[in-house]
Amino acid sequence: MLTTLTRAETDDRRSHRRILAVRDGGNDAAAAAASASVKDGPTGWRAALELRFSARADVNPDVNPDVRPHAPGVSGGDSSPDKRRVRQTVLRHRHVGPLRIQKALYPEGQDCCHAVMIHPPGGIACSDHLCVDVQVEANSHGLILTPAATKWYGAFGSSEQASQTIALDVQGVLEWLPAETIVFDQARVRSLIDMNIGPQGQMFGWDQLIFGRRGCDESFETGMFDQRMQLQFGPERVWIDRMRLCGSDPLFQSPLGFSGCDSCQTAWMVTSASDPVTDDLLDAARQTHPDIAFSRIHPRVLVMRSLASASILRSRFERLWHWVRPRWIRRQPHTPRLWAT
């Protein structure tokens, strides 16, 4: 998926494939060796989750299967299979370690699958490594949520990093809407979000970062946060967003950085090749959401950013999603129930 990989990223991918090679109930030597590698050392977990959204035709429940359609050209009938079948998005998933899908839900109908992704330990500590691999096939629609914030715990003097690798291969429609990410003081983090979007693929995603815990009078004073988000259209790399911050970095107070805020949020919208971002949509977005900065970095890619407190950012970008969705995928917003909890 990546055109170039650092050595560390290559090692992550090899580990990812090794972990996902484990099957439930597998008893061969290779599976046993891979399973043994899931727990690395006394504290570090290596967990992996693989999701596959695919489309299949299903019998339309509103059509009586005992009534045969009329022959073509006969008045009053239509032999089109679309009248008798509807598209359903099917989710297949497998996991190793403490990372899994809680449930696949269909609150909007069978063509859009909401997947709730959970990490039972509740946080990521030093030397933990999480891998998420998502494929969204053509004509399918997946929406991924998390029920709670991702927490990167402090390393407390350890030089070990906690890391995650998220690979998203989108040929259909994907909405990536996880809860916020909290970076504790003394955390050491390396994160890679790698997106590859097909010609007719569409995506809306966001990433909200909170540094420290102001409610506990804790700031991000020591540690390191290293994140790279990357977007490609096949071999063409169109967006790289790199953030590398150390504890007490001057950028947290600088007007060129966080301006004293403890939280930032980045969102991105990717349209299909046949439906690029228009000037009218960009102008309307800026007028409707003046507290969010919009940048069209490619005819198909709109990047959105904002700084504020964590609670303000969440509500701000939820409103943005409600506004963008009918204009982007021509689908009315259906607020996930998790957002009300």
# chains A, B, ... in the order shown; residues from 1 in each chain; ligands from 1

$ closest_atom_pairs --of "region 204-245 of chain A" --to "region 168-175 of chain A" --cutoff "10 Å" --atoms "only C-alpha atoms" --output "JSON lines"
{"residue": "A:Phe204", "atom": "CA", "partner": "A:Glu175", "partner_atom": "CA", "distance": 4.9}
{"residue": "A:Gly205", "atom": "CA", "partner": "A:Glu175", "partner_atom": "CA", "distance": 5.7}
{"residue": "A:Trp206", "atom": "CA", "partner": "A:Glu175", "partner_atom": "CA", "distance": 8.9}
{"residue": "A:Leu231", "atom": "CA", "partner": "A:Leu168", "partner_atom": "CA", "distance": 9.4}
{"residue": "A:Gln232", "atom": "CA", "partner": "A:Asp169", "partner_atom": "CA", "distance": 9.7}
{"residue": "A:Phe233", "atom": "CA", "partner": "A:Val170", "partner_atom": "CA", "distance": 9.8}
{"residue": "A:Gly234", "atom": "CA", "partner": "A:Asp169", "partner_atom": "CA", "distance": 9.8}

$ write_last_selection --atoms "N, CA and C atoms" --output "CSV table (one decimal), in the first residue's frame"
chain,number,residue,atom,x,y,z
A,204,PHE,N,-14.8,10.0,4.7
A,204,PHE,CA,-14.8,11.1,5.6
A,204,PHE,C,-14.2,10.5,6.9
A,205,GLY,N,-13.2,11.2,7.4
A,205,GLY,CA,-12.5,10.7,8.6
A,205,GLY,C,-12.1,11.9,9.5
A,206,TRP,N,-11.9,11.6,10.8
A,206,TRP,CA,-11.3,12.7,11.6
A,206,TRP,C,-10.4,12.1,12.7
A,231,LEU,N,-2.2,9.9,2.7
A,231,LEU,CA,-3.3,9.5,1.8
A,231,LEU,C,-2.7,9.3,0.4
A,232,GLN,N,-3.1,8.2,-0.2
A,232,GLN,CA,-2.6,7.9,-1.6
A,232,GLN,C,-3.8,7.5,-2.5
A,233,PHE,N,-3.7,7.9,-3.7
A,233,PHE,CA,-4.6,7.4,-4.8
A,233,PHE,C,-3.8,6.4,-5.6
A,234,GLY,N,-3.8,5.1,-5.2
A,234,GLY,CA,-2.9,4.1,-5.9
A,234,GLY,C,-1.5,4.5,-5.6

$ residues_around --residues "Ile329 (chain A)" --least-positions-apart "5" --cutoff "9 Å" --atoms "only C-alpha atoms" --output "number ranges by chain"
A: 173, 202, 271, 324

$ closest_residue --among "A:Arg300, A:His322, A:Gln208, A:Gly247" --to "Thr288 (chain A)" --atoms "only C-alpha atoms"
A:His322

$ closest_residue --among "A:Ile292, A:Ala285, A:Ala48, A:Ile166" --to "Trp323 (chain A)" --atoms "only C-alpha atoms"
A:Ala285

$ residues_around --residues "Cys264 (chain A)" --least-positions-apart "6" --cutoff "6 Å" --atoms "only C-alpha atoms" --output "list in words"
Gln208, Leu209, Ser306 and Leu307 of chain A

$ closest_atom_pairs --of "region 173-207 of chain A" --to "region 126-130 of chain A" --cutoff "10 Å" --atoms "only C-alpha atoms" --output "tab-separated table"
residue	atom	partner	partner_atom	distance
A:Ala187	CA	A:Cys126	CA	7.6
A:Arg188	CA	A:Cys126	CA	7.0
A:Val189	CA	A:Cys126	CA	8.2
A:Arg190	CA	A:His129	CA	9.4
A:Ser191	CA	A:Leu130	CA	9.5

$ residues_around --residues "region 215-227 of chain A" --least-positions-apart "6" --cutoff "9 Å" --atoms "only C-alpha atoms" --output "ChimeraX atom specification"
/A:154-155,161,183-193,241-249,262

$ write_last_selection --atoms "C-alpha atoms" --output "PDB file, in the first residue's frame"
ATOM      1  CA  GLY A 154       2.669   7.445  30.352  1.00  0.00           C
ATOM      2  CA  ALA A 155       5.841   5.404  29.954  1.00  0.00           C
ATOM      3  CA  GLN A 161       7.252   3.405  22.635  1.00  0.00           C
ATOM      4  CA  VAL A 183      -2.076  11.598  25.233  1.00  0.00           C
ATOM      5  CA  PHE A 184      -1.074  11.317  28.888  1.00  0.00           C
ATOM      6  CA  ASP A 185       1.982  13.025  30.334  1.00  0.00           C
ATOM      7  CA  GLN A 186       5.154  10.936  29.797  1.00  0.00           C
ATOM      8  CA  ALA A 187       3.569   8.975  26.941  1.00  0.00           C
ATOM      9  CA  ARG A 188       5.831   7.896  24.106  1.00  0.00           C
ATOM     10  CA  VAL A 189       3.754   7.372  20.974  1.00  0.00           C
ATOM     11  CA  ARG A 190       4.289   6.485  17.349  1.00  0.00           C
ATOM     12  CA  SER A 191       1.177   6.411  15.152  1.00  0.00           C
ATOM     13  CA  LEU A 192       0.707   5.780  11.436  1.00  0.00           C
ATOM     14  CA  ILE A 193      -2.608   6.226   9.613  1.00  0.00           C
ATOM     15  CA  ASP A 241       0.467  15.165   7.564  1.00  0.00           C
ATOM     16  CA  ARG A 242       3.335  14.812  10.034  1.00  0.00           C
ATOM     17  CA  MET A 243       3.212  15.842  13.690  1.00  0.00           C
ATOM     18  CA  ARG A 244       6.113  15.319  16.053  1.00  0.00           C
ATOM     19  CA  LEU A 245       5.824  16.960  19.469  1.00  0.00           C
ATOM     20  CA  CYS A 246       7.861  16.613  22.639  1.00  0.00           C
ATOM     21  CA  GLY A 247       6.543  17.371  26.084  1.00  0.00           C
ATOM     22  CA  SER A 248       6.452  21.123  26.856  1.00  0.00           C
ATOM     23  CA  ASP A 249       7.119  21.863  23.188  1.00  0.00           C
ATOM     24  CA  ASP A 262      -4.781  21.451  24.683  1.00  0.00           C
TER      25      ASP A 262
END

$ atom_distance --atom1 "CA of Arg213 (chain A)" --atom2 "CA of Met117 (chain A)"
23.7 Å

$ select_by_dssp --residues "region 197-259 of chain A" --states "strand (DSSP E or B)" --output "PyMOL selection string"
chain A and resi 197+202-211+213+218+224-233+236-246

$ residues_around --residues "region 332-337 of chain A" --least-positions-apart "2" --cutoff "10 Å" --atoms "only C-alpha atoms" --output "number ranges by chain"
A: 107-108, 114, 143, 145, 147, 177, 318, 321-330, 339-341

$ write_last_selection --atoms "C-alpha atoms" --output "mmCIF file, in the first residue's frame"
data_model
loop_
_atom_site.group_PDB
_atom_site.id
_atom_site.type_symbol
_atom_site.label_atom_id
_atom_site.label_comp_id
_atom_site.auth_asym_id
_atom_site.auth_seq_id
_atom_site.Cartn_x
_atom_site.Cartn_y
_atom_site.Cartn_z
ATOM 1 C CA PRO A 107 -29.441 1.503 11.978
ATOM 2 C CA GLU A 108 -29.704 3.059 8.488
ATOM 3 C CA HIS A 114 -21.866 0.592 11.535
ATOM 4 C CA LEU A 143 -18.899 3.451 9.324
ATOM 5 C CA LEU A 145 -16.865 4.055 15.688
ATOM 6 C CA PRO A 147 -17.221 3.789 22.292
ATOM 7 C CA LEU A 177 -15.351 8.467 13.230
ATOM 8 C CA GLU A 318 -20.194 16.525 14.726
ATOM 9 C CA TRP A 321 -20.315 15.840 9.677
ATOM 10 C CA HIS A 322 -24.089 16.465 9.736
ATOM 11 C CA TRP A 323 -23.641 19.252 7.206
ATOM 12 C CA VAL A 324 -21.169 17.486 4.909
ATOM 13 C CA ARG A 325 -22.775 14.040 4.687
ATOM 14 C CA PRO A 326 -25.808 14.844 2.490
ATOM 15 C CA ARG A 327 -23.613 16.944 0.219
ATOM 16 C CA TRP A 328 -20.820 14.371 0.015
ATOM 17 C CA ILE A 329 -22.479 10.953 -0.288
ATOM 18 C CA ARG A 330 -26.048 12.215 -0.799
ATOM 19 C CA TRP A 339 -22.588 9.866 20.555
ATOM 20 C CA ALA A 340 -25.449 10.303 23.011
ATOM 21 C CA THR A 341 -23.683 8.357 25.785
#

$ decode --residues "region 72-167 of chain A" --atoms "C-alpha atoms" --output "compact mmCIF listing (two decimals), in the first residue's frame"
# COMPACT_ATOMS: atom_id res chain seq x y z
CA PRO A 72 -39.76 -7.17 -20.88
CA GLY A 73 -41.91 -4.82 -22.90
CA VAL A 74 -45.16 -5.94 -21.31
CA SER A 75 -47.14 -3.04 -19.87
CA GLY A 76 -47.27 -2.86 -16.09
CA GLY A 77 -44.13 -4.91 -15.47
CA ASP A 78 -40.42 -4.43 -14.99
CA SER A 79 -37.97 -7.31 -15.13
CA SER A 80 -35.07 -5.25 -13.74
CA PRO A 81 -33.35 -7.18 -10.95
CA ASP A 82 -32.90 -3.90 -9.05
CA LYS A 83 -36.64 -3.99 -8.33
CA ARG A 84 -36.28 -7.31 -6.58
CA ARG A 85 -32.91 -7.02 -4.90
CA VAL A 86 -31.22 -4.57 -2.55
CA ARG A 87 -27.54 -4.08 -1.75
CA GLN A 88 -26.26 -5.18 1.65
CA THR A 89 -22.91 -4.34 3.19
CA VAL A 90 -21.47 -7.38 4.92
CA LEU A 91 -18.74 -7.11 7.54
CA ARG A 92 -16.22 -9.88 8.05
CA HIS A 93 -13.63 -9.48 10.76
CA ARG A 94 -11.00 -11.37 12.72
CA HIS A 95 -8.77 -10.36 15.57
CA VAL A 96 -5.80 -11.39 17.65
CA GLY A 97 -5.25 -9.97 21.13
CA PRO A 98 -7.32 -7.32 22.91
CA LEU A 99 -8.75 -5.51 19.89
CA ARG A 100 -12.05 -6.49 18.34
CA ILE A 101 -15.44 -5.55 16.93
CA GLN A 102 -18.14 -5.29 19.56
CA LYS A 103 -21.00 -5.49 17.09
CA ALA A 104 -22.01 -4.74 13.52
CA LEU A 105 -25.15 -2.59 13.41
CA TYR A 106 -27.51 -1.50 10.63
CA PRO A 107 -29.44 1.50 11.98
CA GLU A 108 -29.70 3.06 8.49
CA GLY A 109 -30.62 -0.07 6.57
CA GLN A 110 -28.69 -2.97 5.12
CA ASP A 111 -26.51 -0.96 2.75
CA CYS A 112 -24.55 0.85 5.50
CA CYS A 113 -22.82 -1.12 8.26
CA HIS A 114 -21.87 0.59 11.53
CA ALA A 115 -18.97 -1.24 13.22
CA VAL A 116 -18.11 -0.56 16.87
CA MET A 117 -14.41 -1.16 17.47
CA ILE A 118 -13.28 -1.72 21.07
CA HIS A 119 -9.98 -2.12 22.88
CA PRO A 120 -10.89 -3.86 26.17
CA PRO A 121 -7.74 -2.80 28.11
CA GLY A 122 -8.92 0.80 27.72
CA GLY A 123 -5.49 2.24 26.99
CA ILE A 124 -2.17 1.70 25.23
CA ALA A 125 0.99 1.49 27.33
CA CYS A 126 4.69 1.44 26.50
CA SER A 127 5.73 -1.35 24.08
CA ASP A 128 2.10 -2.09 23.14
CA HIS A 129 1.45 -2.23 19.41
CA LEU A 130 -1.96 -2.19 17.73
CA CYS A 131 -2.65 -2.92 14.05
CA VAL A 132 -5.95 -2.17 12.33
CA ASP A 133 -6.44 -3.20 8.70
CA VAL A 134 -9.65 -2.09 6.97
CA GLN A 135 -10.75 -2.87 3.42
CA VAL A 136 -13.91 -1.37 1.97
CA GLU A 137 -14.81 -3.03 -1.30
CA ALA A 138 -16.65 -1.33 -4.17
CA ASN A 139 -20.36 -0.63 -3.59
CA SER A 140 -20.06 -1.21 0.16
CA HIS A 141 -20.38 1.37 2.93
CA GLY A 142 -18.76 1.11 6.34
CA LEU A 143 -18.90 3.45 9.32
CA ILE A 144 -16.42 2.77 12.14
CA LEU A 145 -16.87 4.05 15.69
CA THR A 146 -15.20 3.61 19.05
CA PRO A 147 -17.22 3.79 22.29
CA ALA A 148 -14.56 5.62 24.31
CA ALA A 149 -11.42 7.68 23.95
CA THR A 150 -8.13 6.08 23.00
CA LYS A 151 -5.67 6.63 25.84
CA TRP A 152 -1.91 6.66 25.43
CA TYR A 153 -0.55 6.05 28.93
CA GLY A 154 2.67 7.45 30.35
CA ALA A 155 5.84 5.40 29.95
CA PHE A 156 7.12 6.50 33.44
CA GLY A 157 10.78 6.64 32.54
CA SER A 158 10.79 3.79 30.04
CA SER A 159 12.31 4.39 26.61
CA GLU A 160 9.84 1.96 24.99
CA GLN A 161 7.25 3.40 22.64
CA ALA A 162 3.62 2.50 22.25
CA SER A 163 2.57 2.38 18.62
CA GLN A 164 -0.31 1.80 16.25
CA THR A 165 -0.59 1.18 12.53
CA ILE A 166 -3.93 1.82 10.82
CA ALA A 167 -4.19 0.83 7.15
